[in-house]
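> Next up, input35.cif (mmCIF, C-alpha atoms).
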data_protein
#
loop_
_atom_site.group_PDB
_atom_site.id
_atom_site.type_symbol
_atom_site.label_atom_id
_atom_site.label_comp_id
_atom_site.auth_asym_id
_atom_site.auth_seq_id
_atom_site.Cartn_x
_atom_site.Cartn_y
_atom_site.Cartn_z
ATOM 1 C CA MET A 285 29.626 160.645 70.882
ATOM 2 C CA LYS A 286 27.739 159.817 74.061
ATOM 3 C CA LYS A 287 23.939 159.791 74.056
ATOM 4 C CA ILE A 288 22.631 162.994 75.634
ATOM 5 C CA ASP A 289 19.004 163.110 76.766
ATOM 6 C CA SER A 290 18.971 165.477 79.768
ATOM 7 C CA ILE A 291 19.893 169.001 80.754
ATOM 8 C CA ILE A 292 20.769 169.783 84.365
ATOM 9 C CA ILE A 293 20.779 173.438 85.443
ATOM 10 C CA HIS A 294 23.199 174.521 88.184
ATOM 11 C CA CYS A 295 24.337 177.682 89.915
ATOM 12 C CA SER A 296 27.911 178.397 90.982
ATOM 13 C CA ALA A 297 26.740 179.085 94.577
ATOM 14 C CA THR A 298 28.524 182.436 94.558
ATOM 15 C CA ARG A 299 27.227 185.718 95.929
ATOM 16 C CA GLU A 300 25.153 188.067 93.838
ATOM 17 C CA GLY A 301 27.348 190.292 91.678
ATOM 18 C CA GLN A 302 30.481 188.145 92.062
ATOM 19 C CA ASP A 303 31.511 187.436 88.503
ATOM 20 C CA LEU A 304 33.446 184.321 87.587
ATOM 21 C CA ARG A 305 34.397 182.695 84.323
ATOM 22 C CA ALA A 306 34.577 179.065 83.253
ATOM 23 C CA ARG A 307 38.360 179.184 83.779
ATOM 24 C CA ASP A 308 37.787 180.207 87.429
ATOM 25 C CA ILE A 309 35.455 177.268 88.020
ATOM 26 C CA ASP A 310 37.896 174.998 86.212
ATOM 27 C CA ARG A 311 40.651 176.139 88.587
ATOM 28 C CA MET A 312 38.415 175.563 91.638
ATOM 29 C CA HIS A 313 37.392 172.091 90.462
ATOM 30 C CA ARG A 314 41.026 171.141 89.799
ATOM 31 C CA GLN A 315 41.959 172.348 93.308
ATOM 32 C CA GLN A 316 39.348 169.902 94.617
ATOM 33 C CA GLY A 317 41.102 167.101 92.753
ATOM 34 C CA TRP A 318 38.903 166.951 89.659
ATOM 35 C CA ALA A 319 40.430 166.438 86.211
ATOM 36 C CA GLU A 320 38.767 169.624 84.890
ATOM 37 C CA ILE A 321 35.620 171.735 85.150
ATOM 38 C CA GLY A 322 32.558 169.560 85.695
ATOM 39 C CA TYR A 323 30.024 171.671 83.754
ATOM 40 C CA ASN A 324 29.668 171.750 79.993
ATOM 41 C CA TYR A 325 28.629 175.409 79.876
ATOM 42 C CA VAL A 326 28.930 178.423 82.157
ATOM 43 C CA ILE A 327 26.785 181.555 81.806
ATOM 44 C CA THR A 328 28.508 184.660 83.160
ATOM 45 C CA LEU A 329 26.747 187.692 84.653
ATOM 46 C CA ASP A 330 26.806 189.523 81.313
ATOM 47 C CA GLY A 331 25.181 186.532 79.592
ATOM 48 C CA THR A 332 28.302 185.213 77.890
ATOM 49 C CA ILE A 333 28.047 181.466 77.313
ATOM 50 C CA GLU A 334 31.422 179.853 77.904
ATOM 51 C CA LYS A 335 32.294 176.255 77.095
ATOM 52 C CA GLY A 336 33.473 174.005 79.879
ATOM 53 C CA ARG A 337 34.002 170.244 79.721
ATOM 54 C CA ALA A 338 33.617 168.815 76.216
ATOM 55 C CA LEU A 339 30.315 167.079 75.542
ATOM 56 C CA THR A 340 32.252 164.044 74.288
ATOM 57 C CA LYS A 341 33.327 163.328 77.882
ATOM 58 C CA PRO A 342 31.144 162.362 80.835
ATOM 59 C CA GLY A 343 30.317 165.411 82.938
ATOM 60 C CA ALA A 344 31.133 165.843 86.607
ATOM 61 C CA HIS A 345 28.151 167.876 87.705
ATOM 62 C CA CYS A 346 25.349 165.562 88.801
ATOM 63 C CA LEU A 347 25.656 162.057 90.188
ATOM 64 C CA GLY A 348 23.618 159.609 88.140
ATOM 65 C CA TYR A 349 23.318 162.001 85.185
ATOM 66 C CA ASN A 350 26.928 162.690 84.190
ATOM 67 C CA ASN A 351 27.022 160.128 81.376
ATOM 68 C CA HIS A 352 23.906 161.368 79.569
ATOM 69 C CA SER A 353 23.381 165.040 80.351
ATOM 70 C CA VAL A 354 24.513 168.563 79.591
ATOM 71 C CA GLY A 355 25.455 170.568 82.683
ATOM 72 C CA ILE A 356 24.694 174.287 82.465
ATOM 73 C CA CYS A 357 25.886 176.516 85.316
ATOM 74 C CA TYR A 358 24.955 180.160 85.774
ATOM 75 C CA ILE A 359 27.182 182.348 87.921
ATOM 76 C CA GLY A 360 25.397 183.276 91.142
ATOM 77 C CA GLY A 361 22.744 181.639 93.279
ATOM 78 C CA LEU A 362 23.391 183.354 96.623
ATOM 79 C CA ASP A 363 22.348 186.746 97.957
ATOM 80 C CA ALA A 364 24.799 189.111 99.691
ATOM 81 C CA ALA A 365 24.293 187.219 102.975
ATOM 82 C CA GLY A 366 25.020 183.839 101.387
ATOM 83 C CA LYS A 367 21.404 182.611 101.278
ATOM 84 C CA ALA A 368 19.954 180.806 98.259
ATOM 85 C CA LYS A 369 18.433 183.231 95.749
ATOM 86 C CA ASP A 370 17.752 183.323 92.036
ATOM 87 C CA THR A 371 20.331 185.960 91.141
ATOM 88 C CA ARG A 372 20.237 185.494 87.373
ATOM 89 C CA THR A 373 20.597 188.738 85.483
ATOM 90 C CA PRO A 374 18.294 189.433 82.521
ATOM 91 C CA ALA A 375 21.261 188.675 80.255
ATOM 92 C CA GLN A 376 21.824 185.311 81.975
ATOM 93 C CA LYS A 377 18.143 184.392 81.628
ATOM 94 C CA LYS A 378 18.179 185.251 77.923
ATOM 95 C CA SER A 379 21.365 183.245 77.332
ATOM 96 C CA MET A 380 20.053 180.300 79.337
ATOM 97 C CA ASP A 381 16.874 180.251 77.230
ATOM 98 C CA GLN A 382 18.936 180.336 74.024
ATOM 99 C CA LEU A 383 21.320 177.623 75.198
ATOM 100 C CA ILE A 384 18.497 175.317 76.284
ATOM 101 C CA ARG A 385 16.830 175.769 72.892
ATOM 102 C CA GLN A 386 20.117 175.036 71.118
ATOM 103 C CA VAL A 387 20.774 171.870 73.114
ATOM 104 C CA CYS A 388 17.180 170.704 72.534
ATOM 105 C CA ARG A 389 17.655 171.184 68.775
ATOM 106 C CA GLU A 390 20.897 169.201 68.769
ATOM 107 C CA TYR A 391 19.870 166.320 71.045
ATOM 108 C CA GLU A 392 16.728 164.386 71.904
ATOM 109 C CA ILE A 393 16.256 165.906 75.342
ATOM 110 C CA ILE A 394 13.640 164.211 77.506
ATOM 111 C CA GLU A 395 14.416 165.923 80.838
ATOM 112 C CA LEU A 396 15.207 169.467 81.908
ATOM 113 C CA LEU A 397 15.944 169.588 85.639
ATOM 114 C CA GLY A 398 17.508 171.722 88.298
ATOM 115 C CA HIS A 399 20.298 170.006 90.239
ATOM 116 C CA ARG A 400 18.072 169.926 93.328
ATOM 117 C CA ASP A 401 15.426 167.986 91.356
ATOM 118 C CA THR A 402 17.822 165.038 91.141
ATOM 119 C CA SER A 403 17.765 164.558 94.921
ATOM 120 C CA PRO A 404 16.379 161.208 96.112
ATOM 121 C CA ASP A 405 12.622 160.836 96.635
ATOM 122 C CA LEU A 406 12.920 159.946 100.322
ATOM 123 C CA ASN A 407 9.250 159.241 100.982
ATOM 124 C CA GLY A 408 8.675 157.314 97.739
ATOM 125 C CA ASN A 409 5.712 159.358 96.513
ATOM 126 C CA GLY A 410 7.262 159.976 93.086
ATOM 127 C CA ILE A 411 7.910 163.681 93.744
ATOM 128 C CA VAL A 412 11.158 165.226 94.956
ATOM 129 C CA GLU A 413 9.782 167.778 97.401
ATOM 130 C CA PRO A 414 11.613 170.782 98.893
ATOM 131 C CA HIS A 415 12.216 169.013 102.206
ATOM 132 C CA GLU A 416 14.021 166.244 100.264
ATOM 133 C CA TRP A 417 16.442 168.528 98.373
ATOM 134 C CA ILE A 418 20.075 167.793 99.139
ATOM 135 C CA LYS A 419 20.966 171.296 97.970
ATOM 136 C CA MET A 420 19.144 174.389 96.730
ATOM 137 C CA CYS A 421 21.004 174.584 93.393
ATOM 138 C CA PRO A 422 20.078 176.223 91.023
ATOM 139 C CA CYS A 423 18.046 178.394 93.437
ATOM 140 C CA PHE A 424 15.015 178.660 91.141
ATOM 141 C CA ASP A 425 12.361 176.198 90.016
ATOM 142 C CA VAL A 426 13.453 174.961 86.587
ATOM 143 C CA ARG A 427 10.234 173.032 85.980
ATOM 144 C CA GLU A 428 8.138 176.093 86.779
ATOM 145 C CA GLU A 429 10.223 178.382 84.578
ATOM 146 C CA TYR A 430 10.296 175.937 81.666
ATOM 147 C CA PRO A 431 7.007 174.000 81.867
ATOM 148 C CA ASN A 432 6.914 173.329 78.138
ATOM 149 C CA PHE A 433 10.583 172.877 77.346
ATOM 150 C CA MET A 434 9.889 170.137 74.784
ATOM 151 C CA LYS A 435 7.605 172.542 72.934
ATOM 152 C CA PRO A 436 8.837 175.966 71.923
ATOM 153 C CA ILE A 437 10.110 177.423 75.178
ATOM 154 C CA ILE A 438 7.791 180.031 76.639
ATOM 155 C CA VAL A 439 9.806 182.510 78.621
ATOM 156 C CA LYS A 440 8.055 184.285 81.461
ATOM 157 C CA PRO A 441 8.400 188.098 81.300
#
Show me this structure written as structure tokens.

Amino acid sequence: MKKIDSIIIHCSATREGQDLRARDIDRMHRQQGWAEIGYNYVITLDGTIEKGRALTKPGAHCLGYNNHSVGICYIGGLDAAGKAKDTRTPAQKKSMDQLIRQVCREYEIIELLGHRDTSPDLNGNGIVEPHEWIKMCPCFDVREEYPNFMKPIIVKP
């Protein structure tokens, strides 16, 4: 089993209300030439947590993190016009909280990041700032939502 010490949160970059399943993302990733879905888990609009790529294999969701992280993708991330937006449903938020807790119980997680937080620190100040983000994914601030993820997770109402 590979050593897992990070969780990376993603969005599917699909429009609000457009429901997909892990099998749909798997099909899209294979059409792009990938061996299989890149994420380990997918959270559908109704909050269902679906398994993707096995945790025994390196992920294909975040360059530099694939060998030691769990990739969690929620369906959504864009508004009706295609602009970045936190479109998570209450059910998705609840499932995401539960899944993060579960992964933290099973592995010694030291980092919980949004995909955008893994962008390079272009100005070298030690902080990946919004103007340095390569992409908006997951379209919400993971560190703000989960400031104490190593402690019992406090979920904002």
> Please provide the set of residues having any atom within 12 Å of Leu304 (chain A), restricted to only C-alpha atoms, with same-chain residues fewer than 4 positions apart removed, written as a PyMOL selection string.
chain A and resi 295-300+308-312+326-334+357-360
> Report as a PyMOL selection string the full result of the PyMOL selection byres ((chain A and resi 420) around 12) when it is applied to this structure.
chain A and resi 293-297+361-362+367-370+398-403+413-419+421-426
> Any idea what the distance is between CA of Glu320 (chain A) and CA of Gly336 (chain A)?
8.5 Å
> For a quick check of understanding, using all atoms listed in the file, which of A:Leu396, A:Ile292, A:Ala375, A:Cys388 has the smallest distance to Gly355 (chain A)?
A:Ile292
> May I ask for the distance between CA of Cys346 (chain A) and CA of Gly322 (chain A), given in Å to one decimal place?
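Between CA of Cys346 (chain A) and CA of Gly322 (chain A) the gap is 8.8 Å.
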> Between A:Lys377, A:His313, A:Arg372, A:Lys286, which residue has the minimum interatomic distance to His345 (chain A), considering all atoms listed in the file?
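Ranking A:Lys377, A:His313, A:Arg372, A:Lys286 by distance to His345 (chain A), first place goes to A:His313.
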> One number please: CA of Gly301 (chain A) to CA of Pro374 (chain A), in Å, one decimal.
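We find that CA of Gly301 (chain A) and CA of Pro374 (chain A) lie 12.9 Å from each other.
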> Counting only C-alpha atoms, figure out which residue out of A:Lys378, A:Lys335, A:Arg385, A:His352 gets nearest to Arg307 (chain A).
A:Lys335
> Which residue out of A:Thr373, A:Ser379, A:Asn324, A:Ser290 has the minimum interatomic distance to Ala306 (chain A) when all atoms listed in the file are used?
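Ranking A:Thr373, A:Ser379, A:Asn324, A:Ser290 by distance to Ala306 (chain A), first place goes to A:Asn324.
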> Tell me which residues the PyMOL selection byres ((chain A and resi 386) around 12) grabs here, as a count of residues only.
21
> Starting from 3 Å padding per side, set up an axis-aligned box that covers all listed atoms of region 350-368 of chain A and hand over centre and edge lengths in Å, one decimal, as AutoDock Vina command-line options.

--center_x 23.6 --center_y 174.6 --center_z 91.3 --size_x 13.2 --size_y 35.0 --size_z 29.4
> Extract region 375-388 of chain A from the structure I just pasted (atoms: all heavy atoms) and return it as a PDB file, in the first residue's frame.

ATOM      1  N   ALA A 375     -26.135  18.089   0.531  1.00  0.00           N
ATOM      2  CA  ALA A 375     -25.796  16.665   0.609  1.00  0.00           C
ATOM      3  C   ALA A 375     -24.330  16.426   0.246  1.00  0.00           C
ATOM      4  O   ALA A 375     -23.650  15.599   0.872  1.00  0.00           O
ATOM      5  CB  ALA A 375     -26.710  15.856  -0.311  1.00  0.00           C
ATOM      6  N   GLN A 376     -23.821  17.144  -0.750  1.00  0.00           N
ATOM      7  CA  GLN A 376     -22.408  16.998  -1.125  1.00  0.00           C
ATOM      8  C   GLN A 376     -21.498  17.481  -0.002  1.00  0.00           C
ATOM      9  O   GLN A 376     -20.481  16.850   0.297  1.00  0.00           O
ATOM     10  CB  GLN A 376     -22.101  17.779  -2.406  1.00  0.00           C
ATOM     11  CG  GLN A 376     -22.599  17.109  -3.662  1.00  0.00           C
ATOM     12  CD  GLN A 376     -22.334  17.947  -4.893  1.00  0.00           C
ATOM     13  OE1 GLN A 376     -22.721  19.122  -4.950  1.00  0.00           O
ATOM     14  NE2 GLN A 376     -21.680  17.355  -5.883  1.00  0.00           N
ATOM     15  N   LYS A 377     -21.859  18.610   0.617  1.00  0.00           N
ATOM     16  CA  LYS A 377     -21.036  19.126   1.720  1.00  0.00           C
ATOM     17  C   LYS A 377     -20.992  18.130   2.872  1.00  0.00           C
ATOM     18  O   LYS A 377     -19.918  17.864   3.431  1.00  0.00           O
ATOM     19  CB  LYS A 377     -21.577  20.471   2.198  1.00  0.00           C
ATOM     20  CG  LYS A 377     -21.331  21.590   1.220  1.00  0.00           C
ATOM     21  CD  LYS A 377     -21.879  22.905   1.748  1.00  0.00           C
ATOM     22  CE  LYS A 377     -21.668  24.034   0.762  1.00  0.00           C
ATOM     23  NZ  LYS A 377     -22.099  25.330   1.290  1.00  0.00           N
ATOM     24  N   LYS A 378     -22.126  17.560   3.213  1.00  0.00           N
ATOM     25  CA  LYS A 378     -22.190  16.587   4.305  1.00  0.00           C
ATOM     26  C   LYS A 378     -21.338  15.361   3.966  1.00  0.00           C
ATOM     27  O   LYS A 378     -20.562  14.896   4.804  1.00  0.00           O
ATOM     28  CB  LYS A 378     -23.640  16.178   4.556  1.00  0.00           C
ATOM     29  CG  LYS A 378     -23.804  15.205   5.689  1.00  0.00           C
ATOM     30  CD  LYS A 378     -25.273  14.876   5.930  1.00  0.00           C
ATOM     31  CE  LYS A 378     -25.395  13.875   7.065  1.00  0.00           C
ATOM     32  NZ  LYS A 378     -26.789  13.474   7.276  1.00  0.00           N
ATOM     33  N   SER A 379     -21.464  14.854   2.756  1.00  0.00           N
ATOM     34  CA  SER A 379     -20.685  13.683   2.349  1.00  0.00           C
ATOM     35  C   SER A 379     -19.193  13.990   2.300  1.00  0.00           C
ATOM     36  O   SER A 379     -18.368  13.152   2.685  1.00  0.00           O
ATOM     37  CB  SER A 379     -21.164  13.175   0.986  1.00  0.00           C
ATOM     38  OG  SER A 379     -22.465  12.657   1.100  1.00  0.00           O
ATOM     39  N   MET A 380     -18.844  15.186   1.830  1.00  0.00           N
ATOM     40  CA  MET A 380     -17.437  15.564   1.779  1.00  0.00           C
ATOM     41  C   MET A 380     -16.852  15.597   3.189  1.00  0.00           C
ATOM     42  O   MET A 380     -15.755  15.077   3.432  1.00  0.00           O
ATOM     43  CB  MET A 380     -17.261  16.919   1.089  1.00  0.00           C
ATOM     44  CG  MET A 380     -15.810  17.307   0.892  1.00  0.00           C
ATOM     45  SD  MET A 380     -15.605  18.834  -0.050  1.00  0.00           S
ATOM     46  CE  MET A 380     -16.093  18.283  -1.676  1.00  0.00           C
ATOM     47  N   ASP A 381     -17.593  16.183   4.130  1.00  0.00           N
ATOM     48  CA  ASP A 381     -17.133  16.225   5.523  1.00  0.00           C
ATOM     49  C   ASP A 381     -16.901  14.814   6.049  1.00  0.00           C
ATOM     50  O   ASP A 381     -15.878  14.521   6.659  1.00  0.00           O
ATOM     51  CB  ASP A 381     -18.165  16.933   6.409  1.00  0.00           C
ATOM     52  CG  ASP A 381     -18.365  18.387   6.057  1.00  0.00           C
ATOM     53  OD1 ASP A 381     -17.497  18.981   5.379  1.00  0.00           O
ATOM     54  OD2 ASP A 381     -19.401  18.942   6.456  1.00  0.00           O
ATOM     55  N   GLN A 382     -17.867  13.922   5.796  1.00  0.00           N
ATOM     56  CA  GLN A 382     -17.756  12.539   6.276  1.00  0.00           C
ATOM     57  C   GLN A 382     -16.571  11.821   5.636  1.00  0.00           C
ATOM     58  O   GLN A 382     -15.831  11.104   6.317  1.00  0.00           O
ATOM     59  CB  GLN A 382     -19.048  11.776   5.978  1.00  0.00           C
ATOM     60  CG  GLN A 382     -20.221  12.242   6.796  1.00  0.00           C
ATOM     61  CD  GLN A 382     -21.551  11.644   6.330  1.00  0.00           C
ATOM     62  OE1 GLN A 382     -21.658  11.091   5.237  1.00  0.00           O
ATOM     63  NE2 GLN A 382     -22.566  11.769   7.162  1.00  0.00           N
ATOM     64  N   LEU A 383     -16.388  12.011   4.342  1.00  0.00           N
ATOM     65  CA  LEU A 383     -15.301  11.336   3.640  1.00  0.00           C
ATOM     66  C   LEU A 383     -13.941  11.845   4.115  1.00  0.00           C
ATOM     67  O   LEU A 383     -13.015  11.049   4.329  1.00  0.00           O
ATOM     68  CB  LEU A 383     -15.454  11.521   2.125  1.00  0.00           C
ATOM     69  CG  LEU A 383     -14.442  10.816   1.238  1.00  0.00           C
ATOM     70  CD1 LEU A 383     -14.354   9.316   1.534  1.00  0.00           C
ATOM     71  CD2 LEU A 383     -14.783  11.064  -0.233  1.00  0.00           C
ATOM     72  N   ILE A 384     -13.821  13.142   4.310  1.00  0.00           N
ATOM     73  CA  ILE A 384     -12.556  13.690   4.818  1.00  0.00           C
ATOM     74  C   ILE A 384     -12.256  13.117   6.197  1.00  0.00           C
ATOM     75  O   ILE A 384     -11.127  12.707   6.478  1.00  0.00           O
ATOM     76  CB  ILE A 384     -12.588  15.234   4.844  1.00  0.00           C
ATOM     77  CG1 ILE A 384     -12.567  15.772   3.407  1.00  0.00           C
ATOM     78  CG2 ILE A 384     -11.418  15.793   5.660  1.00  0.00           C
ATOM     79  CD1 ILE A 384     -12.851  17.257   3.296  1.00  0.00           C
ATOM     80  N   ARG A 385     -13.255  13.063   7.063  1.00  0.00           N
ATOM     81  CA  ARG A 385     -13.055  12.476   8.391  1.00  0.00           C
ATOM     82  C   ARG A 385     -12.596  11.023   8.289  1.00  0.00           C
ATOM     83  O   ARG A 385     -11.684  10.590   8.995  1.00  0.00           O
ATOM     84  CB  ARG A 385     -14.358  12.543   9.197  1.00  0.00           C
ATOM     85  CG  ARG A 385     -14.664  13.880   9.777  1.00  0.00           C
ATOM     86  CD  ARG A 385     -15.846  13.751  10.755  1.00  0.00           C
ATOM     87  NE  ARG A 385     -16.298  15.053  11.162  1.00  0.00           N
ATOM     88  CZ  ARG A 385     -17.346  15.690  10.627  1.00  0.00           C
ATOM     89  NH1 ARG A 385     -18.055  15.131   9.671  1.00  0.00           N
ATOM     90  NH2 ARG A 385     -17.691  16.883  11.057  1.00  0.00           N
ATOM     91  N   GLN A 386     -13.253  10.266   7.411  1.00  0.00           N
ATOM     92  CA  GLN A 386     -12.917   8.852   7.236  1.00  0.00           C
ATOM     93  C   GLN A 386     -11.473   8.686   6.778  1.00  0.00           C
ATOM     94  O   GLN A 386     -10.729   7.878   7.331  1.00  0.00           O
ATOM     95  CB  GLN A 386     -13.861   8.217   6.225  1.00  0.00           C
ATOM     96  CG  GLN A 386     -13.515   6.783   5.874  1.00  0.00           C
ATOM     97  CD  GLN A 386     -14.329   6.273   4.691  1.00  0.00           C
ATOM     98  OE1 GLN A 386     -15.463   6.669   4.480  1.00  0.00           O
ATOM     99  NE2 GLN A 386     -13.716   5.407   3.901  1.00  0.00           N
ATOM    100  N   VAL A 387     -11.088   9.450   5.766  1.00  0.00           N
ATOM    101  CA  VAL A 387      -9.716   9.347   5.250  1.00  0.00           C
ATOM    102  C   VAL A 387      -8.712   9.749   6.324  1.00  0.00           C
ATOM    103  O   VAL A 387      -7.666   9.100   6.485  1.00  0.00           O
ATOM    104  CB  VAL A 387      -9.547  10.192   3.961  1.00  0.00           C
ATOM    105  CG1 VAL A 387      -8.091  10.248   3.527  1.00  0.00           C
ATOM    106  CG2 VAL A 387     -10.415   9.634   2.839  1.00  0.00           C
ATOM    107  N   CYS A 388      -9.033  10.775   7.113  1.00  0.00           N
ATOM    108  CA  CYS A 388      -8.129  11.212   8.186  1.00  0.00           C
ATOM    109  C   CYS A 388      -8.003  10.155   9.287  1.00  0.00           C
ATOM    110  O   CYS A 388      -6.956  10.060   9.933  1.00  0.00           O
ATOM    111  CB  CYS A 388      -8.593  12.538   8.780  1.00  0.00           C
ATOM    112  SG  CYS A 388      -8.298  13.961   7.715  1.00  0.00           S
TER     113      CYS A 388
END
